[in-house]
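A.B. asks: Got a structure for you, run_5.txt, holding compact mmCIF, C-alpha atoms and all ligand atoms.
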```
# COMPACT_ATOMS: atom_id res chain seq x y z
CA MET Y 54 128.43 -13.76 -114.41
CA GLY Y 55 128.66 -10.25 -112.98
CA GLU Y 56 130.67 -8.11 -115.40
CA MET Y 57 130.25 -10.49 -118.30
CA SER Y 58 126.52 -10.39 -118.38
CA LYS Y 59 125.81 -7.72 -121.00
CA ALA Y 60 126.54 -9.74 -124.13
CA GLY Y 61 124.69 -12.89 -125.09
CA ALA Y 62 127.81 -14.90 -125.65
CA VAL Y 63 131.43 -14.91 -124.59
CA LEU Y 64 134.40 -15.46 -126.89
CA THR Y 65 137.61 -16.28 -125.06
CA ILE Y 66 140.87 -16.11 -127.00
CA ASP Y 67 143.86 -17.76 -125.38
CA LEU Y 68 146.93 -15.75 -126.40
CA GLY Y 69 149.12 -18.15 -124.42
CA ALA Y 70 147.93 -21.00 -126.65
CA LEU Y 71 148.59 -18.80 -129.69
CA ALA Y 72 152.18 -18.24 -128.55
CA ARG Y 73 152.61 -21.97 -127.86
CA ASN Y 74 151.33 -22.77 -131.35
CA TYR Y 75 153.91 -20.43 -132.84
CA GLN Y 76 156.58 -22.38 -130.99
CA ILE Y 77 155.14 -25.79 -131.94
CA LEU Y 78 155.24 -24.83 -135.61
CA LYS Y 79 158.67 -23.28 -135.36
CA ASN Y 80 159.99 -26.47 -133.78
CA GLN Y 81 158.88 -28.33 -136.92
CA LEU Y 82 161.01 -26.12 -139.12
CA GLY Y 83 164.61 -26.74 -138.18
CA SER Y 84 166.52 -23.76 -139.53
CA GLY Y 85 163.58 -22.28 -141.45
CA ASP Y 86 161.88 -19.20 -140.11
CA LEU Y 87 158.18 -18.82 -139.39
CA ALA Y 88 156.03 -15.87 -140.43
CA ALA Y 89 152.54 -15.33 -139.07
CA VAL Y 90 149.61 -14.74 -141.39
CA VAL Y 91 147.24 -12.30 -139.67
CA LYS Y 92 144.96 -11.38 -142.58
CA ALA Y 93 141.21 -10.98 -142.03
CA ASN Y 94 141.66 -9.59 -138.53
CA ALA Y 95 143.90 -12.53 -137.57
CA TYR Y 96 141.30 -14.98 -138.88
CA GLY Y 97 138.62 -13.21 -136.87
CA LEU Y 98 140.41 -13.34 -133.52
CA GLY Y 99 141.60 -9.73 -133.35
CA VAL Y 100 144.70 -8.56 -135.19
CA LYS Y 101 145.94 -6.21 -132.48
CA GLU Y 102 145.99 -8.78 -129.70
CA ALA Y 103 147.14 -11.64 -131.93
CA ALA Y 104 149.93 -9.72 -133.64
CA GLN Y 105 151.29 -8.37 -130.36
CA ALA Y 106 151.25 -11.84 -128.81
CA LEU Y 107 152.99 -13.35 -131.85
CA LYS Y 108 155.62 -10.62 -131.83
CA LYS Y 109 156.26 -11.37 -128.18
CA ALA Y 110 156.58 -15.05 -129.07
CA GLY Y 111 159.43 -14.13 -131.38
CA CYS Y 112 157.71 -13.59 -134.71
CA GLU Y 113 159.39 -10.90 -136.86
CA SER Y 114 157.60 -11.36 -140.15
CA PHE Y 115 153.89 -10.98 -140.89
CA PHE Y 116 151.58 -11.37 -143.88
CA VAL Y 117 148.22 -9.73 -144.53
CA ALA Y 118 146.04 -9.72 -147.63
CA THR Y 119 145.38 -6.06 -148.37
CA LEU Y 120 147.07 -2.68 -148.15
CA GLU Y 121 144.45 -1.54 -145.67
CA GLU Y 122 145.25 -4.48 -143.39
CA GLY Y 123 148.93 -3.67 -143.77
CA ILE Y 124 148.46 -0.05 -142.71
CA GLU Y 125 146.48 -1.18 -139.67
CA LEU Y 126 149.17 -3.71 -138.74
CA ARG Y 127 151.91 -1.10 -139.17
CA GLY Y 128 150.11 0.93 -136.48
CA ILE Y 129 150.25 -2.11 -134.18
CA LEU Y 130 153.79 -3.27 -134.97
CA PRO Y 131 156.00 -0.32 -135.92
CA ASP Y 132 159.12 -2.44 -136.59
CA ALA Y 133 157.89 -5.75 -137.99
CA SER Y 134 158.36 -6.87 -141.55
CA ILE Y 135 154.88 -6.79 -143.15
CA HIS Y 136 154.08 -8.43 -146.49
CA ILE Y 137 150.96 -7.75 -148.56
CA PHE Y 138 149.72 -10.85 -150.39
CA HIS Y 139 147.60 -8.87 -152.87
CA GLY Y 140 150.64 -6.87 -153.92
CA VAL Y 141 150.58 -3.46 -155.52
CA LEU Y 142 147.37 -2.24 -157.10
CA PRO Y 143 147.36 0.76 -159.45
CA GLY Y 144 148.10 3.95 -157.54
CA THR Y 145 149.07 2.28 -154.24
CA ALA Y 146 152.87 2.13 -154.53
CA ASP Y 147 153.42 5.36 -152.60
CA ASP Y 148 151.32 4.19 -149.65
CA LEU Y 149 153.13 0.86 -149.58
CA VAL Y 150 156.45 2.67 -149.37
CA ALA Y 151 155.22 5.25 -146.85
CA TYR Y 152 154.15 2.49 -144.45
CA GLN Y 153 157.19 0.33 -145.25
CA LEU Y 154 154.99 -2.51 -146.46
CA ILE Y 155 156.38 -5.24 -148.72
CA PRO Y 156 154.08 -6.03 -151.63
CA ILE Y 157 154.12 -9.54 -153.05
CA LEU Y 158 154.22 -8.85 -156.79
CA ASN Y 159 151.74 -11.16 -158.44
CA SER Y 160 151.85 -10.33 -162.16
CA ILE Y 161 153.80 -8.55 -164.88
CA ASP Y 162 151.41 -5.60 -164.40
CA GLN Y 163 152.32 -5.43 -160.72
CA ILE Y 164 156.03 -5.58 -161.53
CA GLU Y 165 155.52 -2.59 -163.84
CA GLU Y 166 153.47 -0.78 -161.21
CA TRP Y 167 156.35 -1.21 -158.76
CA GLN Y 168 159.04 -0.16 -161.24
CA GLY Y 169 159.26 3.38 -159.84
CA GLN Y 170 159.82 1.98 -156.33
CA ALA Y 171 162.05 -0.87 -157.39
CA GLU Y 172 164.75 -0.10 -154.84
CA HIS Y 173 162.27 -0.87 -152.03
CA LEU Y 174 161.72 -4.44 -150.84
CA ALA Y 175 159.15 -6.54 -152.67
CA GLY Y 176 158.29 -10.23 -152.82
CA LEU Y 177 157.43 -12.20 -155.93
CA HIS Y 178 154.70 -14.82 -156.21
CA ILE Y 179 155.05 -17.57 -158.79
CA ASP Y 180 152.09 -19.76 -159.61
CA THR Y 181 152.90 -23.46 -159.41
CA GLY Y 182 149.36 -24.79 -159.49
CA MET Y 183 146.66 -22.56 -158.01
CA SER Y 184 145.80 -20.44 -161.06
CA ARG Y 185 144.93 -17.50 -158.84
CA LEU Y 186 147.82 -15.12 -158.27
CA GLY Y 187 151.46 -15.17 -159.30
CA LEU Y 188 153.57 -15.20 -162.44
CA THR Y 189 152.89 -18.09 -164.79
CA PRO Y 190 155.76 -20.50 -165.43
CA ALA Y 191 156.34 -18.90 -168.84
CA GLU Y 192 156.47 -15.42 -167.30
CA CYS Y 193 159.00 -16.60 -164.70
CA GLU Y 194 161.45 -17.70 -167.33
CA SER Y 195 161.72 -14.17 -168.69
CA ALA Y 196 161.22 -12.36 -165.39
CA GLY Y 197 164.94 -12.10 -164.62
CA ASP Y 198 165.35 -9.20 -167.10
CA ARG Y 199 162.28 -7.33 -165.98
CA LEU Y 200 163.38 -7.56 -162.36
CA LYS Y 201 166.79 -5.97 -162.90
CA GLY Y 202 167.27 -3.32 -160.23
CA PHE Y 203 164.43 -4.73 -158.09
CA ASN Y 204 165.04 -5.59 -154.46
CA ILE Y 205 163.25 -8.95 -154.20
CA ASN Y 206 163.47 -10.29 -150.65
CA LEU Y 207 161.18 -13.27 -151.10
CA VAL Y 208 160.10 -15.61 -153.86
CA MET Y 209 157.03 -17.58 -152.90
CA SER Y 210 154.38 -19.96 -154.14
CA HIS Y 211 151.31 -21.58 -152.57
CA LEU Y 212 150.28 -25.24 -152.34
CA ALA Y 213 146.85 -26.40 -153.43
CA CYS Y 214 146.66 -29.73 -151.57
CA ALA Y 215 149.05 -29.48 -148.62
CA ASP Y 216 146.42 -30.89 -146.25
CA GLU Y 217 146.53 -34.15 -148.27
CA PRO Y 218 150.10 -35.38 -147.78
CA ALA Y 219 149.74 -38.22 -150.28
CA ASN Y 220 148.43 -35.99 -153.06
CA PRO Y 221 150.98 -36.08 -155.92
CA LYS Y 222 150.25 -32.42 -156.59
CA ASN Y 223 152.46 -31.51 -153.61
CA GLN Y 224 155.57 -33.03 -155.20
CA GLU Y 225 154.66 -31.56 -158.59
CA GLN Y 226 154.38 -28.07 -157.14
CA LEU Y 227 157.59 -28.54 -155.17
CA ALA Y 228 159.49 -29.55 -158.30
CA LEU Y 229 158.05 -26.66 -160.31
CA PHE Y 230 158.83 -24.19 -157.52
CA ASN Y 231 162.43 -25.36 -157.42
CA LYS Y 232 162.73 -25.00 -161.17
CA LEU Y 233 161.05 -21.60 -161.48
CA ARG Y 234 162.69 -19.94 -158.52
CA SER Y 235 166.06 -20.49 -160.19
CA PHE Y 236 165.07 -17.78 -162.69
CA ILE Y 237 164.54 -15.24 -159.91
CA SER Y 238 167.19 -13.71 -157.74
CA ALA Y 239 165.74 -13.41 -154.21
CA ASP Y 240 167.06 -13.48 -150.65
CA GLN Y 241 164.54 -16.01 -149.38
CA ALA Y 242 162.16 -18.68 -150.69
CA SER Y 243 158.79 -19.62 -149.17
CA LEU Y 244 156.33 -22.37 -150.08
CA ALA Y 245 154.59 -23.78 -147.00
CA ALA Y 246 151.52 -22.50 -145.18
CA SER Y 247 150.19 -24.33 -142.09
CA SER Y 248 149.75 -27.76 -143.66
CA GLY Y 249 152.90 -27.45 -145.74
CA VAL Y 250 154.93 -27.18 -142.54
CA TYR Y 251 153.96 -30.82 -141.89
CA LEU Y 252 154.97 -32.06 -145.35
CA GLY Y 253 158.59 -32.28 -144.28
CA PRO Y 254 161.84 -30.35 -144.69
CA ASP Y 255 161.76 -30.26 -148.52
CA PHE Y 256 158.83 -27.86 -148.22
CA HIS Y 257 160.29 -25.53 -145.60
CA PHE Y 258 162.82 -23.40 -147.51
CA ASP Y 259 163.72 -20.16 -145.67
CA LEU Y 260 160.31 -19.05 -144.46
CA SER Y 261 156.95 -20.71 -143.83
CA ARG Y 262 153.72 -18.71 -143.64
CA ALA Y 263 151.38 -20.11 -141.02
CA GLY Y 264 147.88 -18.82 -140.43
CA VAL Y 265 145.10 -21.14 -139.38
CA SER Y 266 147.24 -23.55 -137.32
CA LEU Y 267 148.40 -20.68 -135.11
CA TYR Y 268 144.75 -20.20 -134.23
CA GLY Y 269 144.31 -23.86 -133.25
CA VAL Y 270 142.97 -25.47 -136.42
CA ASN Y 271 144.49 -28.86 -137.26
CA PRO Y 272 147.00 -28.53 -140.11
CA MET Y 273 146.80 -32.31 -140.63
CA PRO Y 274 143.11 -33.18 -141.00
CA GLY Y 275 142.42 -36.77 -140.07
CA ARG Y 276 145.42 -37.03 -137.80
CA SER Y 277 145.65 -35.88 -134.20
CA ASN Y 278 145.88 -32.13 -133.85
CA PRO Y 279 149.30 -30.92 -132.68
CA MET Y 280 148.00 -27.41 -132.02
CA ALA Y 281 146.65 -25.97 -128.77
CA GLN Y 282 143.07 -24.70 -128.84
CA VAL Y 283 142.92 -20.91 -128.91
CA VAL Y 284 139.20 -20.24 -129.14
CA ARG Y 285 136.35 -20.90 -126.76
CA LEU Y 286 132.81 -19.75 -127.58
CA GLN Y 287 130.11 -19.88 -124.92
CA ALA Y 288 126.52 -18.72 -125.15
CA LYS Y 289 124.09 -18.03 -122.33
CA ILE Y 290 120.97 -19.97 -121.55
CA LEU Y 291 118.04 -17.56 -121.86
CA GLN Y 292 115.22 -19.93 -121.09
CA VAL Y 293 114.41 -23.64 -120.60
CA ARG Y 294 111.05 -25.13 -121.45
CA SER Y 295 109.41 -28.51 -121.43
CA VAL Y 296 108.04 -29.83 -124.69
CA ASP Y 297 106.32 -33.05 -125.65
CA THR Y 298 105.19 -34.62 -128.88
CA PRO Y 299 103.67 -33.28 -131.13
CA GLN Y 300 105.45 -29.99 -130.37
CA THR Y 301 108.16 -28.84 -132.74
CA VAL Y 302 111.20 -26.64 -132.20
CA GLY Y 303 112.12 -23.56 -134.24
CA TYR Y 304 111.62 -22.31 -137.80
CA GLY Y 305 110.46 -24.85 -140.31
CA ALA Y 306 109.50 -27.21 -137.48
CA THR Y 307 112.56 -29.27 -138.37
CA HIS Y 308 112.79 -30.93 -134.96
CA GLN Y 309 109.94 -32.65 -133.20
CA ALA Y 310 109.96 -33.82 -129.63
CA ALA Y 311 109.63 -37.61 -129.71
CA LYS Y 312 108.92 -37.79 -125.98
CA PRO Y 313 108.84 -35.37 -123.07
CA ALA Y 314 111.94 -33.22 -123.42
CA LYS Y 315 113.59 -30.06 -122.13
CA ILE Y 316 114.75 -27.46 -124.62
CA ALA Y 317 117.15 -24.67 -123.66
CA THR Y 318 117.32 -21.54 -125.80
CA LEU Y 319 120.75 -19.93 -126.17
CA SER Y 320 121.61 -16.32 -126.87
CA ILE Y 321 123.53 -16.86 -130.11
CA GLY Y 322 122.64 -17.32 -133.76
CA TYR Y 323 123.87 -17.11 -137.30
CA ALA Y 324 124.26 -13.33 -136.98
CA ASP Y 325 127.08 -14.19 -134.58
CA GLY Y 326 128.71 -16.55 -137.05
CA TYR Y 327 127.17 -19.62 -135.45
CA LEU Y 328 126.32 -20.95 -138.87
CA ARG Y 329 122.80 -21.92 -139.87
CA SER Y 330 124.24 -25.13 -141.29
CA LEU Y 331 124.82 -26.23 -137.68
CA SER Y 332 121.05 -26.67 -137.34
CA ASN Y 333 120.20 -30.16 -136.08
CA SER Y 334 123.85 -31.19 -136.40
CA ALA Y 335 126.12 -29.51 -133.84
CA THR Y 336 126.96 -30.64 -130.34
CA ALA Y 337 127.17 -28.26 -127.41
CA TYR Y 338 128.57 -28.93 -123.94
CA ILE Y 339 127.31 -28.00 -120.52
CA GLY Y 340 130.43 -28.68 -118.53
CA ASP Y 341 131.44 -32.09 -119.88
CA ASP Y 342 127.90 -33.15 -120.76
CA GLU Y 343 127.23 -33.32 -124.47
CA VAL Y 344 123.89 -32.00 -125.70
CA PRO Y 345 122.64 -31.76 -129.29
CA VAL Y 346 121.64 -28.60 -131.14
CA VAL Y 347 118.07 -29.28 -132.21
CA GLY Y 348 115.95 -27.30 -134.64
CA ARG Y 349 117.20 -24.50 -136.84
CA VAL Y 350 119.80 -22.00 -135.75
CA SER Y 351 118.08 -18.64 -136.15
CA MET Y 352 119.54 -15.13 -136.27
CA ASP Y 353 119.92 -14.59 -132.53
CA LEU Y 354 118.85 -17.88 -130.97
CA THR Y 355 119.92 -21.52 -130.92
CA THR Y 356 118.10 -24.39 -129.23
CA ILE Y 357 119.61 -27.43 -127.54
CA ASP Y 358 118.03 -30.55 -126.07
CA VAL Y 359 118.88 -30.62 -122.36
CA THR Y 360 116.48 -33.39 -121.31
CA ASP Y 361 119.26 -35.34 -119.56
CA ILE Y 362 120.77 -32.37 -117.71
CA PRO Y 363 119.64 -31.63 -114.13
CA ASP Y 364 117.81 -28.33 -113.76
CA THR Y 365 120.41 -27.13 -111.28
CA ASN Y 366 122.88 -26.95 -114.18
CA LEU Y 367 120.52 -25.00 -116.39
CA ALA Y 368 120.06 -21.70 -114.58
CA THR Y 369 119.39 -18.68 -116.76
CA GLY Y 370 122.73 -17.18 -117.78
CA THR Y 371 124.60 -20.50 -117.61
CA LEU Y 372 127.32 -20.57 -120.26
CA VAL Y 373 127.16 -23.42 -122.75
CA ASP Y 374 130.22 -24.34 -124.84
CA LEU Y 375 129.64 -24.13 -128.57
CA ILE Y 376 133.36 -24.18 -129.33
CA GLY Y 377 135.53 -25.43 -126.50
CA PRO Y 378 137.74 -28.17 -125.14
CA ASN Y 379 135.15 -30.85 -125.96
CA ASN Y 380 134.10 -29.46 -129.34
CA PRO Y 381 137.10 -27.82 -131.01
CA VAL Y 382 136.88 -25.64 -134.09
CA ASP Y 383 137.59 -28.53 -136.46
CA GLN Y 384 134.70 -30.56 -135.07
CA VAL Y 385 132.27 -27.64 -135.32
CA ALA Y 386 133.48 -27.02 -138.87
CA SER Y 387 132.83 -30.59 -139.90
CA GLN Y 388 129.36 -30.47 -138.30
CA ALA Y 389 128.68 -27.32 -140.32
CA GLY Y 390 129.98 -28.87 -143.54
CA THR Y 391 132.80 -26.36 -143.78
CA ILE Y 392 136.40 -25.82 -142.68
CA GLY Y 393 137.88 -24.30 -139.53
CA TYR Y 394 138.99 -21.24 -141.51
CA GLU Y 395 135.38 -20.31 -142.18
CA ILE Y 396 134.21 -20.91 -138.61
CA LEU Y 397 136.93 -18.59 -137.27
CA THR Y 398 136.62 -15.82 -139.83
CA ARG Y 399 132.84 -15.66 -139.40
CA LEU Y 400 132.99 -15.17 -135.62
CA GLY Y 401 130.73 -12.23 -134.93
CA GLN Y 402 130.98 -8.82 -133.37
CA ARG Y 403 128.37 -9.15 -130.62
CA PHE Y 404 130.44 -11.27 -128.28
CA GLU Y 405 132.00 -10.23 -125.05
CA ARG Y 406 135.62 -10.86 -126.08
CA HIS Y 407 138.11 -11.95 -123.46
CA TYR Y 408 141.80 -12.27 -124.14
CA ILE Y 409 143.68 -14.47 -121.70
CA SER Y 410 147.41 -15.10 -121.53
CA ASP Y 411 149.69 -17.43 -119.63
CA GLU Y 412 150.95 -14.57 -117.48
CA ALA Y 413 147.49 -13.47 -116.35
C1 LIG Y 501 146.20 -17.35 -146.18
C2 LIG Y 501 147.52 -17.73 -146.78
C3 LIG Y 501 148.47 -18.43 -146.02
C4 LIG Y 501 148.18 -18.99 -144.64
O1 LIG Y 501 147.53 -20.22 -144.86
P1 LIG Y 501 147.08 -21.17 -143.65
O2 LIG Y 501 146.59 -22.39 -144.33
O3 LIG Y 501 146.02 -20.44 -142.91
O4 LIG Y 501 148.28 -21.40 -142.81
C5 LIG Y 501 149.71 -18.64 -146.57
N1 LIG Y 501 150.00 -18.23 -147.83
C6 LIG Y 501 149.09 -17.61 -148.61
C7 LIG Y 501 149.45 -17.21 -149.98
C8 LIG Y 501 147.82 -17.34 -148.12
O5 LIG Y 501 146.92 -16.73 -148.89
```
How does the structure come out when it is put into structure tokens?
C.D. replies:
Amino acid sequence: MGEMSKAGAVLTIDLGALARNYQILKNQLGSGDLAAVVKANAYGLGVKEAAQALKKAGCESFFVATLEEGIELRGILPDASIHIFHGVLPGTADDLVAYQLIPILNSIDQIEEWQGQAEHLAGLHIDTGMSRLGLTPAECESAGDRLKGFNINLVMSHLACADEPANPKNQEQLALFNKLRSFISADQASLAASSGVYLGPDFHFDLSRAGVSLYGVNPMPGRSNPMAQVVRLQAKILQVRSVDTPQTVGYGATHQAAKPAKIATLSIGYADGYLRSLSNSATAYIGDDEVPVVGRVSMDLTTIDVTDIPDTNLATGTLVDLIGPNNPVDQVASQAGTIGYEILTRLGQRFERHYISDEA
């Protein structure tokens, strides 16, 4: 343990796997280009390290959600093309220009807000079926006039059901996108996020915008994951104790020893983003040995049943895999009743974070 022993848990982020995932996705695209979505601190993994690794892997174009994220990313990547999904909010046009950020204009109001900066690059979002952001179909048909003199580099839309290839909504949105984008004069078109990349060439257009798959989450749920795992989360054993019926484990006494058992307590909890919904449902690994999480996950502690593990493998400080080669993010997400996106973006701040790369 040595140097690593101050924090209760260790988060290892494999930047080599991140770079390989960029390439895997790019290889799916034929002539289309691939932008990296690094919003929310690169889905919790660290925007500085992730963005630099992606740039090195050949990525030139990045997307974040907010102006603040864009300004931070501009400090990391002075020359990259940076798009802001949330577009231009009242009073922010000057900052967007000063940092050379490209707002995705999401409404008629945003188009008007950008009017004074119209010679600078902007994207345009058209809503083909999410009802969140973007011009409505009716607004698109008359947008051509309003956008005279604008420098629109990208027209984009977003798919609602791309992770369900057979969902007819994909083809409906594709058809609507093709119709509506004809009203807009733009250099490039973009429709696919991670899952859309795997819907085939009709969905690729000029630029795809991948986020979660870069970070190892399966873009094709239910099929085998083409992505390399980027994240490993390991927590330390603090203590091991023997329990026997009728003893119970943790808050709410939700787990009862049915027979003599050994319980190990780990230095991680829901304050670290190890979700409380993993109580009594997750699997951890000590080496390749699977052990169940038993009892409730509490704020700083999690308990596992290690009855079948020899004591020699249970020394205090031993690292137990909570996300790792045997229990990837998607599996943990399904055990928590959520999606990989949420597992990643909730990863906490108390970890010892290690970034590894292929060169190291
Ligand atoms: C977050 C986001 C993406 C990236 O989606 P992933 O499923 O993580 O690849 C792409 N486009 C838009 C509009 C987004 O908000």
A.B. asks: Tell me, as a list in words, which residues lie within 6 Å of stretch 262-275 of chain Y, counting all atoms listed in the file; anything in the same chain fewer than 5 positions away does not count.
C.D. replies: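 Result of the neighbour search: Leu71, Asn74, Tyr75, Ala88, Ala89, Val90, Asp216, Ala246, Ser247, Ser248, Met280, Ala281, Gln282 and Val283 of chain Y.
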A.B. asks: Report, in Å to a single decimal, how far apart atom CA of Y:Arg294 and atom CA of Y:Ala314 are.
C.D. replies: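 The value is 8.4 Å.
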A.B. asks: Let me make sure I understand: among Y:Val117, Y:Cys193, Y:Gly340, Y:Pro363, which one has the smallest atom-to-atom distance to Y:Pro156 if we use all atoms listed in the file?
C.D. replies: Y:Val117
A.B. asks: Between Y:Tyr304, Y:Phe230, Y:Tyr394, Y:Tyr338, which has the minimum distance to ligand LIG 501 (chain Y) (counting all atoms listed in the file)?
C.D. replies: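 The shortest atom-to-atom distance to ligand LIG 501 (chain Y) comes from Y:Tyr394.
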A.B. asks: Identify, on the basis of only C-alpha atoms, every residue whose closest approach to stretch 407-413 of chain Y does not exceed 7 Å; exclude the query and any residue fewer than 5 positions from it along the same chain; express the result as an NGL selection string.
C.D. replies: :Y and (64-69)
A.B. asks: Figure out the distance between atom CA of Y:Leu98 and atom CA of Y:Arg127, please, to one decimal in Å.
C.D. replies: 17.7 Å
A.B. asks: Padding of 8 Å on every side, edges along x, y and z, all listed atoms of ligand LIG 501 (chain Y) included: what centre and edge lengths in Å, to one decimal, does that box have, as JSON?
C.D. replies:
```
{"center_x": 148.0, "center_y": -19.6, "center_z": -146.4, "size_x": 20.0, "size_y": 21.7, "size_z": 23.2}
```
A.B. asks: So how many Å separate atom CA of Y:Gln300 and atom CA of Y:Asn333, to one decimal?
C.D. replies: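 Interatomic distance, atom CA of Y:Gln300 to atom CA of Y:Asn333: 15.8 Å.
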A.B. asks: Scan for residues within 10 Å of the point (162.4, -24.0, -141.0) in the coordinates of the file, using only C-alpha atoms, and reply as a list in words.
C.D. replies: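 Residues found, by chain and rising number: Leu78, Lys79, Asn80, Gln81, Leu82, Gly83, Ser84, Gly85, Asp86, Leu87, Ser243, Ala245, Val250, Gly253, Pro254, Asp255, Phe256, His257, Phe258, Asp259, Leu260 and Ser261 of chain Y.
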A.B. asks: My list of candidates is Y:Asn223, Y:Ser134, Y:Gln76, Y:Ser210. Which is closest to ligand LIG 501 (chain Y) when distances are computed with all atoms listed in the file?
C.D. replies: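 Smallest distance to ligand LIG 501 (chain Y) is found for Y:Ser210.
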A.B. asks: Which residues, written as a CSV table (one decimal) with C-alpha atoms, keeping the file's coordinate frame, have at least one atom at most 12 Å from Y:Ala386, with all atoms listed in the file counted and residues fewer than 4 positions away on the same chain left out?
C.D. replies:
```csv
chain,number,residue,atom,x,y,z
Y,270,VAL,CA,143.0,-25.5,-136.4
Y,271,ASN,CA,144.5,-28.9,-137.3
Y,274,PRO,CA,143.1,-33.2,-141.0
Y,326,GLY,CA,128.7,-16.6,-137.0
Y,327,TYR,CA,127.2,-19.6,-135.4
Y,328,LEU,CA,126.3,-21.0,-138.9
Y,329,ARG,CA,122.8,-21.9,-139.9
Y,330,SER,CA,124.2,-25.1,-141.3
Y,331,LEU,CA,124.8,-26.2,-137.7
Y,334,SER,CA,123.8,-31.2,-136.4
Y,335,ALA,CA,126.1,-29.5,-133.8
Y,336,THR,CA,127.0,-30.6,-130.3
Y,375,LEU,CA,129.6,-24.1,-128.6
Y,376,ILE,CA,133.4,-24.2,-129.3
Y,380,ASN,CA,134.1,-29.5,-129.3
Y,381,PRO,CA,137.1,-27.8,-131.0
Y,382,VAL,CA,136.9,-25.6,-134.1
Y,390,GLY,CA,130.0,-28.9,-143.5
Y,391,THR,CA,132.8,-26.4,-143.8
Y,392,ILE,CA,136.4,-25.8,-142.7
Y,393,GLY,CA,137.9,-24.3,-139.5
Y,394,TYR,CA,139.0,-21.2,-141.5
Y,395,GLU,CA,135.4,-20.3,-142.2
Y,396,ILE,CA,134.2,-20.9,-138.6
Y,397,LEU,CA,136.9,-18.6,-137.3
Y,398,THR,CA,136.6,-15.8,-139.8
Y,399,ARG,CA,132.8,-15.7,-139.4
```
A.B. asks: Compare Y:Asp342, Y:Asp353, Y:Glu194, Y:Asp180 by their minimum atom-to-atom distance to ligand LIG 501 (chain Y), counting all atoms listed in the file, and give me the closest one.
C.D. replies: Y:Asp180
